[in-house]
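Visitor: Take a look at structure.cif, mmCIF, C-alpha atoms:
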```cif
data_my_file
loop_
_atom_site.label_atom_id
_atom_site.label_comp_id
_atom_site.auth_asym_id
_atom_site.auth_seq_id
_atom_site.Cartn_x
_atom_site.Cartn_y
_atom_site.Cartn_z
CA MET E 1 -1.95 79.55 168.54
CA ALA E 2 0.08 81.43 165.94
CA LEU E 3 -0.73 80.53 162.32
CA THR E 4 2.77 81.22 161.00
CA GLY E 5 6.36 81.03 162.18
CA LEU E 6 6.93 84.67 161.29
CA ARG E 7 8.53 86.43 164.25
CA GLY E 8 11.14 89.00 165.08
CA VAL E 9 12.83 91.46 162.74
CA ILE E 10 11.18 91.61 159.32
CA ALA E 11 12.50 93.94 156.64
CA ALA E 12 10.11 95.51 154.17
CA VAL E 13 12.47 95.13 151.24
CA PRO E 14 12.62 97.38 148.18
CA THR E 15 12.14 96.11 144.64
CA PRO E 16 15.00 97.21 142.38
CA VAL E 17 13.89 98.14 138.87
CA THR E 18 15.50 98.26 135.46
CA ALA E 19 15.87 101.42 133.40
CA GLU E 20 12.64 100.37 131.67
CA GLY E 21 10.75 100.10 134.97
CA GLU E 22 10.60 96.32 135.14
CA PRO E 23 11.41 94.45 138.35
CA ASP E 24 15.16 93.81 138.47
CA ILE E 25 15.01 90.23 139.70
CA ALA E 26 18.75 89.64 140.10
CA ARG E 27 19.25 92.72 142.24
CA PHE E 28 16.07 92.00 144.20
CA LEU E 29 17.34 88.54 145.11
CA ARG E 30 20.79 89.91 145.95
CA HIS E 31 19.46 92.33 148.53
CA ALA E 32 16.83 89.96 149.89
CA SER E 33 19.51 87.35 150.50
CA TRP E 34 21.71 89.97 152.15
CA ALA E 35 18.91 91.00 154.53
CA LEU E 36 18.15 87.41 155.52
CA ALA E 37 21.84 86.79 156.18
CA ASN E 38 22.38 89.98 158.16
CA GLY E 39 19.92 90.12 161.02
CA CYS E 40 16.45 89.67 159.50
CA HIS E 41 14.32 86.75 160.60
CA ALA E 42 11.99 87.22 157.64
CA LEU E 43 11.08 89.59 154.80
CA ASN E 44 8.01 91.48 153.66
CA VAL E 45 8.12 91.33 149.86
CA LEU E 46 6.07 93.70 147.68
CA GLY E 47 4.89 96.00 150.42
CA THR E 48 4.89 99.79 150.38
CA THR E 49 8.70 99.89 150.35
CA GLY E 50 8.62 97.34 147.55
CA GLU E 51 6.47 99.74 145.46
CA ALA E 52 3.95 96.93 144.96
CA ASN E 53 1.12 99.23 143.93
CA SER E 54 3.24 100.70 141.13
CA PHE E 55 3.54 97.27 139.50
CA SER E 56 1.06 95.32 137.40
CA ALA E 57 -0.26 91.99 138.62
CA ASP E 58 2.02 90.18 136.16
CA GLN E 59 5.06 92.09 137.38
CA ARG E 60 4.17 91.26 140.97
CA LYS E 61 3.81 87.59 140.06
CA ALA E 62 7.27 87.66 138.45
CA VAL E 63 8.81 88.94 141.69
CA MET E 64 6.84 86.42 143.73
CA SER E 65 7.91 83.52 141.50
CA ALA E 66 11.57 84.51 141.71
CA ALA E 67 11.44 84.92 145.48
CA ALA E 68 9.77 81.53 145.92
CA ALA E 69 12.30 79.83 143.67
CA GLU E 70 15.41 81.27 145.32
CA LEU E 71 14.54 82.11 148.93
CA ASP E 72 13.11 80.27 151.94
CA THR E 73 9.37 80.91 151.60
CA SER E 74 8.79 80.07 155.27
CA ARG E 75 10.56 83.39 155.92
CA LEU E 76 8.55 85.43 153.41
CA MET E 77 5.36 87.46 153.73
CA VAL E 78 4.10 89.00 150.48
CA GLY E 79 1.80 91.91 149.79
CA THR E 80 -1.23 90.90 147.71
CA GLY E 81 -3.72 93.71 148.40
CA THR E 82 -5.17 95.82 145.58
CA PRO E 83 -8.30 98.00 145.33
CA ASP E 84 -10.13 95.33 143.34
CA LEU E 85 -11.16 92.04 144.84
CA ALA E 86 -10.51 89.85 141.80
CA THR E 87 -6.82 90.79 141.57
CA THR E 88 -6.39 90.49 145.32
CA ILE E 89 -7.90 87.00 145.22
CA ALA E 90 -5.64 85.98 142.32
CA LEU E 91 -2.45 87.29 143.96
CA THR E 92 -3.35 85.81 147.36
CA ARG E 93 -4.05 82.42 145.80
CA TYR E 94 -0.76 82.62 143.87
CA ALA E 95 1.15 83.42 147.06
CA CYS E 96 -0.20 80.29 148.71
CA GLU E 97 0.49 78.12 145.67
CA LEU E 98 4.11 79.30 145.73
CA GLY E 99 4.46 78.47 149.42
CA PHE E 100 4.75 81.95 150.95
CA ALA E 101 4.29 81.94 154.72
CA ALA E 102 1.51 84.51 154.50
CA ALA E 103 -0.18 87.22 152.44
CA LEU E 104 -0.29 90.83 153.64
CA VAL E 105 -3.52 92.49 152.48
CA LEU E 106 -4.40 96.16 152.31
CA PRO E 107 -8.02 97.29 152.54
CA PRO E 108 -9.75 98.22 149.26
CA TYR E 109 -8.33 101.70 149.44
CA TYR E 110 -10.07 103.72 146.74
CA TYR E 111 -13.34 104.25 148.59
CA LYS E 112 -13.10 106.18 151.84
CA GLY E 113 -15.47 106.23 154.78
CA VAL E 114 -16.46 102.59 154.32
CA SER E 115 -18.00 100.79 157.28
CA ASP E 116 -16.65 97.83 159.20
CA ASP E 117 -19.51 95.82 157.70
CA GLY E 118 -18.33 96.75 154.22
CA LEU E 119 -14.75 95.80 155.00
CA PHE E 120 -15.91 92.53 156.53
CA ALA E 121 -17.89 91.68 153.40
CA TRP E 122 -14.81 92.36 151.24
CA PHE E 123 -12.45 90.26 153.35
CA GLU E 124 -15.05 87.52 153.76
CA ARG E 125 -15.18 87.17 149.97
CA LEU E 126 -11.38 87.06 149.83
CA ILE E 127 -11.19 84.33 152.47
CA LEU E 128 -13.97 82.24 150.94
CA ALA E 129 -12.62 82.62 147.41
CA THR E 130 -9.20 81.33 148.51
CA ARG E 131 -10.39 78.47 150.71
CA ASP E 132 -8.92 75.98 148.22
CA THR E 133 -5.50 77.58 148.91
CA PRO E 134 -5.96 78.52 152.57
CA GLY E 135 -2.81 80.48 153.37
CA PRO E 136 -2.60 82.79 156.40
CA VAL E 137 -3.58 86.43 155.90
CA TYR E 138 -2.27 89.50 157.74
CA LEU E 139 -4.15 92.80 157.67
CA TYR E 140 -2.06 95.75 156.50
CA ASN E 141 -3.13 98.84 158.43
CA PHE E 142 -1.67 101.99 156.88
CA PRO E 143 -4.39 104.66 157.14
CA GLN E 144 -2.03 107.53 156.29
CA LEU E 145 -1.85 106.15 152.73
CA THR E 146 -5.03 104.13 152.32
CA GLY E 147 -7.43 106.40 154.19
CA VAL E 148 -9.13 103.21 155.41
CA PRO E 149 -8.19 102.19 158.97
CA PHE E 150 -8.91 98.79 160.45
CA SER E 151 -10.68 99.20 163.77
CA VAL E 152 -9.77 96.89 166.64
CA GLU E 153 -13.39 95.71 166.65
CA PHE E 154 -13.18 94.82 162.94
CA ALA E 155 -9.93 92.90 163.41
CA ARG E 156 -11.42 90.99 166.33
CA ARG E 157 -14.58 90.19 164.36
CA LEU E 158 -12.60 88.94 161.35
CA LYS E 159 -10.29 86.83 163.51
CA THR E 160 -13.30 85.31 165.29
CA ALA E 161 -15.00 84.49 161.99
CA PHE E 162 -11.89 83.02 160.34
CA PRO E 163 -9.55 81.91 163.13
CA ASP E 164 -7.60 79.56 160.87
CA ARG E 165 -6.91 82.17 158.20
CA ILE E 166 -6.46 85.57 159.87
CA ALA E 167 -2.98 85.58 161.37
CA GLY E 168 -2.60 89.17 162.58
CA ALA E 169 -1.62 92.59 161.27
CA LYS E 170 1.18 94.83 160.18
CA ASP E 171 0.44 98.23 161.71
CA SER E 172 2.01 101.20 159.99
CA SER E 173 -0.16 103.78 161.73
CA GLY E 174 2.59 104.62 164.23
CA ASP E 175 0.04 104.40 167.05
CA LEU E 176 1.51 101.91 169.52
CA ALA E 177 -1.52 102.21 171.80
CA TYR E 178 -3.63 100.94 168.90
CA ALA E 179 -1.09 98.19 168.14
CA SER E 180 -1.20 97.07 171.76
CA ARG E 181 -4.99 96.80 171.64
CA LEU E 182 -4.72 94.69 168.51
CA ALA E 183 -2.21 92.44 170.27
CA GLU E 184 -4.82 91.67 172.94
CA ILE E 185 -6.86 89.72 170.36
CA PRO E 186 -6.17 86.01 171.05
CA GLY E 187 -4.00 84.39 168.41
CA PHE E 188 -3.54 87.69 166.54
CA ASP E 189 0.12 88.53 165.83
CA VAL E 190 0.95 92.23 165.58
CA PHE E 191 3.98 93.78 163.89
CA PRO E 192 4.40 97.56 164.36
CA SER E 193 6.27 99.32 161.58
CA SER E 194 8.96 100.86 163.78
CA GLU E 195 11.91 98.89 165.07
CA ALA E 196 11.86 101.14 168.13
CA SER E 197 8.85 99.07 169.28
CA ILE E 198 11.16 96.11 169.90
CA ALA E 199 11.93 97.47 173.36
CA LYS E 200 8.24 96.99 174.24
CA ALA E 201 7.63 93.79 172.28
CA ALA E 202 7.65 91.42 175.24
CA ALA E 203 5.53 93.65 177.46
CA GLU E 204 2.97 94.56 174.79
CA GLY E 205 2.81 91.17 173.09
CA TYR E 206 4.16 92.21 169.68
CA ALA E 207 5.37 89.40 167.43
CA GLY E 208 8.14 91.61 166.07
CA CYS E 209 8.39 94.55 163.69
CA ILE E 210 8.08 95.02 159.94
CA SER E 211 10.10 98.03 158.92
CA ALA E 212 11.32 99.72 155.74
CA THR E 213 14.44 101.10 157.39
CA VAL E 214 15.40 97.64 158.67
CA SER E 215 16.06 96.78 155.04
CA VAL E 216 19.33 98.71 155.44
CA THR E 217 19.87 98.61 159.21
CA ALA E 218 19.24 94.88 159.60
CA PRO E 219 22.53 94.03 161.36
CA LEU E 220 21.95 96.66 164.04
CA VAL E 221 18.27 95.86 164.54
CA GLY E 222 18.95 92.13 164.64
CA ARG E 223 21.27 92.74 167.58
CA PHE E 224 18.61 94.90 169.22
CA TRP E 225 16.03 92.09 168.94
CA ALA E 226 18.44 89.81 170.79
CA HIS E 227 19.08 92.48 173.46
CA PRO E 228 15.91 94.62 173.64
CA GLN E 229 16.80 96.21 176.99
CA ASP E 230 20.20 97.47 175.81
CA ALA E 231 19.82 101.23 176.08
CA ALA E 232 22.83 101.97 173.90
CA LEU E 233 21.49 99.75 171.11
CA ALA E 234 18.06 101.31 171.47
CA ALA E 235 19.55 104.76 171.01
CA LYS E 236 21.49 103.69 167.91
CA VAL E 237 18.38 102.09 166.40
CA ALA E 238 16.31 105.22 167.03
CA GLU E 239 19.03 107.47 165.63
CA ALA E 240 19.41 105.40 162.45
CA ARG E 241 15.67 105.24 161.83
CA SER E 242 15.25 108.98 162.36
CA ALA E 243 18.14 109.75 160.03
CA ILE E 244 16.63 107.71 157.19
CA ALA E 245 13.02 108.74 157.80
CA ALA E 246 13.97 112.40 157.48
CA TYR E 247 13.99 111.85 153.70
CA PRO E 248 11.42 110.39 151.29
CA LEU E 249 11.44 106.84 152.58
CA VAL E 250 11.43 104.65 149.48
CA PRO E 251 14.10 106.68 147.62
CA ALA E 252 16.21 106.86 150.81
CA VAL E 253 16.05 103.11 151.39
CA LYS E 254 16.89 102.44 147.75
CA HIS E 255 19.84 104.86 147.88
CA LEU E 256 21.25 103.22 151.01
CA THR E 257 20.74 99.80 149.44
CA ALA E 258 22.86 101.03 146.54
CA VAL E 259 25.53 102.11 149.04
CA ILE E 260 25.53 98.69 150.73
CA HIS E 261 25.99 96.88 147.43
CA ASP E 262 28.17 99.57 145.81
CA ASP E 263 25.77 99.54 142.85
CA PRO E 264 24.01 102.77 141.81
CA SER E 265 21.41 100.81 139.83
CA PHE E 266 19.70 99.95 143.11
CA GLU E 267 18.68 103.63 143.37
CA ARG E 268 16.11 103.54 140.57
CA VAL E 269 12.54 104.24 141.71
CA LEU E 270 9.20 104.18 139.92
CA PRO E 271 7.18 107.38 139.41
CA PRO E 272 5.71 109.16 141.26
CA HIS E 273 8.79 108.62 143.45
CA LEU E 274 11.94 110.47 142.47
CA PRO E 275 15.52 109.59 143.42
CA LEU E 276 17.18 111.58 146.16
CA THR E 277 18.99 114.69 145.02
CA GLU E 278 22.76 114.86 145.34
CA ALA E 279 22.32 117.26 148.25
CA GLN E 280 19.99 114.83 150.00
CA LYS E 281 22.42 111.96 149.45
CA ALA E 282 25.27 113.99 150.92
CA ALA E 283 23.21 114.98 153.95
CA LEU E 284 22.08 111.40 154.51
CA ALA E 285 25.67 110.16 154.24
CA GLY E 286 26.60 112.63 156.96
CA ALA E 287 23.84 111.31 159.20
CA ILE E 288 24.32 107.56 158.79
CA ASP E 289 26.97 105.17 157.49
CA VAL E 290 25.11 101.92 156.86
CA ASN E 291 28.31 99.99 156.24
CA ARG E 292 29.40 100.66 159.83
CA LEU E 293 26.29 98.81 161.04
CA LEU E 294 27.63 95.47 159.77
#
```
Could you write out this structure as structure tokens?

Guide:
Amino acid sequence: MALTGLRGVIAAVPTPVTAEGEPDIARFLRHASWALANGCHALNVLGTTGEANSFSADQRKAVMSAAAAELDTSRLMVGTGTPDLATTIALTRYACELGFAAALVLPPYYYKGVSDDGLFAWFERLILATRDTPGPVYLYNFPQLTGVPFSVEFARRLKTAFPDRIAGAKDSSGDLAYASRLAEIPGFDVFPSSEASIAKAAAEGYAGCISATVSVTAPLVGRFWAHPQDAALAAKVAEARSAIAAYPLVPAVKHLTAVIHDDPSFERVLPPHLPLTEAQKAALAGAIDVNRLL
């Protein structure tokens, strides 16, 4: 049985920032509300697109508090993973106290080449340390950035050990064969990172998708979820994703968010990201008009 009601199209939303590099709460809430009202069933807050690992724990808590106060937390998954266990425990506990539907947890990504036994020991401590606030946990598999993949065997072992806490995984590896093997684990919900996977969701057992580009293509992708066998919609979804992914993803998503809201302040990124150049913006505008997706 699924541990959460999270299903369907989930946008990995960006976190707007002020000129001083602080989370811009008002703009964050503006875009999050837009995404929920325009095709998204839920949101992934403070993920990779949300630049979570460029913020301090206190800054992350400020975004989490604002989201919980203003948005429907039953429709929110929040990233709480960090390289150190103590901060991950604190953020995961805080997410549950605020009522988030689930926490999305990266592996401890500084050390590479760690064993499944080592990962199990780390996650076991996380689960046991948060048993007083027992919110659902999703594994965040993104080996291209973390260098630490979750094996199918590890995911199965963790789900078996903690069936009432481990809800599933977000898989950003891009390997749909791997995602399909994960989806065979009983009671383990899998969300690939590409909205193109929606066409195979029913056949492969995916619970939905969690995508950065959906943060700006939500109206189109929401229609695709409702009509996954529509070839014309599938082509438009693939074209839009390819157009955006041809550029540095976080700056591109933030630029297109600025276009949607007609507010250049949405474009600000945190180092080491840099904003798109004017040439990149012009080329992206020629490839996709996000306002025509409404």

Visitor: Tell me which of E:Ala169, E:Ala279, E:Val214, E:Ala285 sits closest to Phe150 in chain E, counting only C-alpha atoms.

Guide: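 Using only C-alpha atoms, the shortest distance to Phe150 in chain E belongs to E:Ala169.
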
Visitor: Could you name the residues that touch Thr18 in chain E at 10 Å or less, counting all atoms listed in the file, but leaving out those on the same chain fewer than 4 positions away, as a PyMOL selection string?

Guide: chain E and resi 22-25+27+265-266+268-270

Visitor: What would the selection look like, as a ChimeraX atom specification, if the PyMOL selection byres ((chain E and resi 179-183) around 6) were run on the coordinates I just shared?

Guide: /E:152,176-178,184-185,190,204-205

Visitor: For CA of Ala2 in chain E and CA of Val237 in chain E, determine how far apart the two atoms are, in Å to one decimal place.

Guide: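 Separating CA of Ala2 in chain E from CA of Val237 in chain E is a distance of 27.6 Å.
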
Visitor: Counting all atoms listed in the file, what is within 12 Å of range 53-60 of chain E, bar same-chain residues fewer than 6 positions away, as a PDB file with C-alpha atoms, keeping the file's coordinate frame?

Guide:
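Saved result, result.pdb, follows:
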```
ATOM      1  CA  THR E  15      12.140  96.110 144.640  1.00  0.00           C
ATOM      2  CA  PRO E  16      15.000  97.210 142.380  1.00  0.00           C
ATOM      3  CA  VAL E  17      13.890  98.140 138.870  1.00  0.00           C
ATOM      4  CA  GLY E  21      10.750 100.100 134.970  1.00  0.00           C
ATOM      5  CA  GLU E  22      10.600  96.320 135.140  1.00  0.00           C
ATOM      6  CA  PRO E  23      11.410  94.450 138.350  1.00  0.00           C
ATOM      7  CA  ASP E  24      15.160  93.810 138.470  1.00  0.00           C
ATOM      8  CA  ILE E  25      15.010  90.230 139.700  1.00  0.00           C
ATOM      9  CA  VAL E  45       8.120  91.330 149.860  1.00  0.00           C
ATOM     10  CA  LEU E  46       6.070  93.700 147.680  1.00  0.00           C
ATOM     11  CA  GLY E  47       4.890  96.000 150.420  1.00  0.00           C
ATOM     12  CA  ALA E  66      11.570  84.510 141.710  1.00  0.00           C
ATOM     13  CA  ALA E  67      11.440  84.920 145.480  1.00  0.00           C
ATOM     14  CA  VAL E  78       4.100  89.000 150.480  1.00  0.00           C
ATOM     15  CA  GLY E  79       1.800  91.910 149.790  1.00  0.00           C
ATOM     16  CA  THR E  80      -1.230  90.900 147.710  1.00  0.00           C
ATOM     17  CA  GLY E  81      -3.720  93.710 148.400  1.00  0.00           C
ATOM     18  CA  THR E  82      -5.170  95.820 145.580  1.00  0.00           C
ATOM     19  CA  PRO E  83      -8.300  98.000 145.330  1.00  0.00           C
ATOM     20  CA  ASP E  84     -10.130  95.330 143.340  1.00  0.00           C
ATOM     21  CA  ALA E  86     -10.510  89.850 141.800  1.00  0.00           C
ATOM     22  CA  THR E  87      -6.820  90.790 141.570  1.00  0.00           C
ATOM     23  CA  THR E  88      -6.390  90.490 145.320  1.00  0.00           C
ATOM     24  CA  ILE E  89      -7.900  87.000 145.220  1.00  0.00           C
ATOM     25  CA  ALA E  90      -5.640  85.980 142.320  1.00  0.00           C
ATOM     26  CA  LEU E  91      -2.450  87.290 143.960  1.00  0.00           C
ATOM     27  CA  THR E  92      -3.350  85.810 147.360  1.00  0.00           C
ATOM     28  CA  TYR E  94      -0.760  82.620 143.870  1.00  0.00           C
ATOM     29  CA  ALA E  95       1.150  83.420 147.060  1.00  0.00           C
ATOM     30  CA  VAL E 105      -3.520  92.490 152.480  1.00  0.00           C
ATOM     31  CA  LEU E 106      -4.400  96.160 152.310  1.00  0.00           C
ATOM     32  CA  TYR E 109      -8.330 101.700 149.440  1.00  0.00           C
ATOM     33  CA  LEU E 145      -1.850 106.150 152.730  1.00  0.00           C
ATOM     34  CA  THR E 146      -5.030 104.130 152.320  1.00  0.00           C
ATOM     35  CA  VAL E 269      12.540 104.240 141.710  1.00  0.00           C
ATOM     36  CA  LEU E 270       9.200 104.180 139.920  1.00  0.00           C
ATOM     37  CA  PRO E 271       7.180 107.380 139.410  1.00  0.00           C
ATOM     38  CA  PRO E 272       5.710 109.160 141.260  1.00  0.00           C
ATOM     39  CA  HIS E 273       8.790 108.620 143.450  1.00  0.00           C
TER      40      HIS E 273
END
```

Visitor: Report the distance between CA of Phe224 in chain E and CA of Gly8 in chain E in Å, rounded to one decimal place.

Guide: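 Pair CA of Phe224 in chain E / CA of Gly8 in chain E returns 10.4 Å.
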
Visitor: Would you please work out which residue, of E:Ala42, E:Val253, E:Leu139, E:Met64, is nearest to Arg241 in chain E when using all atoms listed in the file?

Guide: E:Val253

Visitor: Using only C-alpha atoms, determine which residues lie at most 12 Å from Lys254 in chain E, disregarding the query and same-chain residues fewer than 6 positions distant; provide the list as a PDB file with C-alpha atoms, in the coordinates of the input.

Guide:
```
ATOM      1  CA  ALA E  12      10.110  95.510 154.170  1.00  0.00           C
ATOM      2  CA  VAL E  13      12.470  95.130 151.240  1.00  0.00           C
ATOM      3  CA  PRO E  14      12.620  97.380 148.180  1.00  0.00           C
ATOM      4  CA  THR E  15      12.140  96.110 144.640  1.00  0.00           C
ATOM      5  CA  PRO E  16      15.000  97.210 142.380  1.00  0.00           C
ATOM      6  CA  VAL E  17      13.890  98.140 138.870  1.00  0.00           C
ATOM      7  CA  ARG E  27      19.250  92.720 142.240  1.00  0.00           C
ATOM      8  CA  PHE E  28      16.070  92.000 144.200  1.00  0.00           C
ATOM      9  CA  HIS E  31      19.460  92.330 148.530  1.00  0.00           C
ATOM     10  CA  THR E  49       8.700  99.890 150.350  1.00  0.00           C
ATOM     11  CA  GLY E  50       8.620  97.340 147.550  1.00  0.00           C
ATOM     12  CA  GLU E  51       6.470  99.740 145.460  1.00  0.00           C
ATOM     13  CA  ALA E 212      11.320  99.720 155.740  1.00  0.00           C
ATOM     14  CA  THR E 213      14.440 101.100 157.390  1.00  0.00           C
ATOM     15  CA  SER E 215      16.060  96.780 155.040  1.00  0.00           C
ATOM     16  CA  VAL E 216      19.330  98.710 155.440  1.00  0.00           C
ATOM     17  CA  ILE E 244      16.630 107.710 157.190  1.00  0.00           C
ATOM     18  CA  TYR E 247      13.990 111.850 153.700  1.00  0.00           C
ATOM     19  CA  PRO E 248      11.420 110.390 151.290  1.00  0.00           C
ATOM     20  CA  ILE E 260      25.530  98.690 150.730  1.00  0.00           C
ATOM     21  CA  HIS E 261      25.990  96.880 147.430  1.00  0.00           C
ATOM     22  CA  ASP E 262      28.170  99.570 145.810  1.00  0.00           C
ATOM     23  CA  ASP E 263      25.770  99.540 142.850  1.00  0.00           C
ATOM     24  CA  PRO E 264      24.010 102.770 141.810  1.00  0.00           C
ATOM     25  CA  SER E 265      21.410 100.810 139.830  1.00  0.00           C
ATOM     26  CA  PHE E 266      19.700  99.950 143.110  1.00  0.00           C
ATOM     27  CA  GLU E 267      18.680 103.630 143.370  1.00  0.00           C
ATOM     28  CA  ARG E 268      16.110 103.540 140.570  1.00  0.00           C
ATOM     29  CA  VAL E 269      12.540 104.240 141.710  1.00  0.00           C
ATOM     30  CA  LEU E 270       9.200 104.180 139.920  1.00  0.00           C
ATOM     31  CA  HIS E 273       8.790 108.620 143.450  1.00  0.00           C
ATOM     32  CA  LEU E 274      11.940 110.470 142.470  1.00  0.00           C
ATOM     33  CA  PRO E 275      15.520 109.590 143.420  1.00  0.00           C
ATOM     34  CA  LEU E 276      17.180 111.580 146.160  1.00  0.00           C
ATOM     35  CA  LYS E 281      22.420 111.960 149.450  1.00  0.00           C
TER      36      LYS E 281
END
```

Visitor: Assuming the chain letters and numbering stay as they are in my file, what does the PyMOL selection byres ((chain E and resi 238) around 12) actually select? List them as JSON, numbers by chain.

Guide: {"E": [194, 195, 196, 197, 198, 199, 213, 214, 217, 220, 221, 224, 231, 232, 233, 234, 235, 236, 237, 239, 240, 241, 242, 243, 244, 245, 288]}

Visitor: Which distance in Å separates CA of Leu128 in chain E and CA of Tyr206 in chain E, to one decimal?

Guide: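 That distance, rounded to one decimal, is 27.9 Å.
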
Visitor: Quick check on the file I pasted: which residues fall under the PyMOL selection byres ((chain E and resi 129) around 10)? Write them as a PyMOL selection string.

Guide: chain E and resi 85-86+89-90+92-93+123-128+130-134

Visitor: Provide an axis-aligned box for all listed atoms of range 31-42 of chain E, padding each side by 5 Å; report its centre and its edge lengths in Å to one decimal, as JSON.

Guide:
```
{"center_x": 17.2, "center_y": 89.5, "center_z": 154.8, "size_x": 20.4, "size_y": 15.6, "size_z": 22.5}
```

Visitor: Could you tell me which of E:Val114, E:Leu6, E:Leu29, E:Ala52 comes closest to Leu76 in chain E if we count only C-alpha atoms?

Guide: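 Of E:Val114, E:Leu6, E:Leu29, E:Ala52, the one nearest Leu76 in chain E is E:Leu6, counting only C-alpha atoms.
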
Visitor: If we count all atoms listed in the file, what is near Cys40 in chain E at a cut-off of 6 Å, once residues fewer than 2 positions away on the same chain are taken out, given as number ranges by chain?

Guide: E: 9-10, 35-36, 42, 218

Visitor: With C-alpha atoms retained, write the just-selected residues as a PDB file, in the coordinates of the input.

Guide:
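Contents of result07.pdb, freshly written:
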```pdb
ATOM      1  CA  VAL E   9      12.830  91.460 162.740  1.00  0.00           C
ATOM      2  CA  ILE E  10      11.180  91.610 159.320  1.00  0.00           C
ATOM      3  CA  ALA E  35      18.910  91.000 154.530  1.00  0.00           C
ATOM      4  CA  LEU E  36      18.150  87.410 155.520  1.00  0.00           C
ATOM      5  CA  ALA E  42      11.990  87.220 157.640  1.00  0.00           C
ATOM      6  CA  ALA E 218      19.240  94.880 159.600  1.00  0.00           C
TER       7      ALA E 218
END
```

Visitor: Which of these, E:Val290, E:Glu97, E:Glu20, E:Leu3, has the shortest distance to Lys159 in chain E once you count all atoms listed in the file?

Guide: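 The closest residue to Lys159 in chain E is E:Leu3.
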
Visitor: With distances taken over only C-alpha atoms, which residue among E:Gly118, E:Pro107, E:Gly168, E:Pro186 lies nearest Pro143 in chain E?

Guide: E:Pro107

Visitor: Which one is closest to Asn291 in chain E: E:Asn38, E:Ala69, E:Gly99, E:Phe191? Count only C-alpha atoms.

Guide: E:Asn38

Visitor: Quick one: residues within 9 Å of Gly147 in chain E, all atoms listed in the file, excluding same-chain residues fewer than 3 positions away - as a list of chain:residue names?

Guide: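 Non-adjacent residues within range: E:Tyr109, E:Tyr110, E:Tyr111, E:Lys112, E:Gly113, E:Phe142, E:Pro143, E:Gln144.
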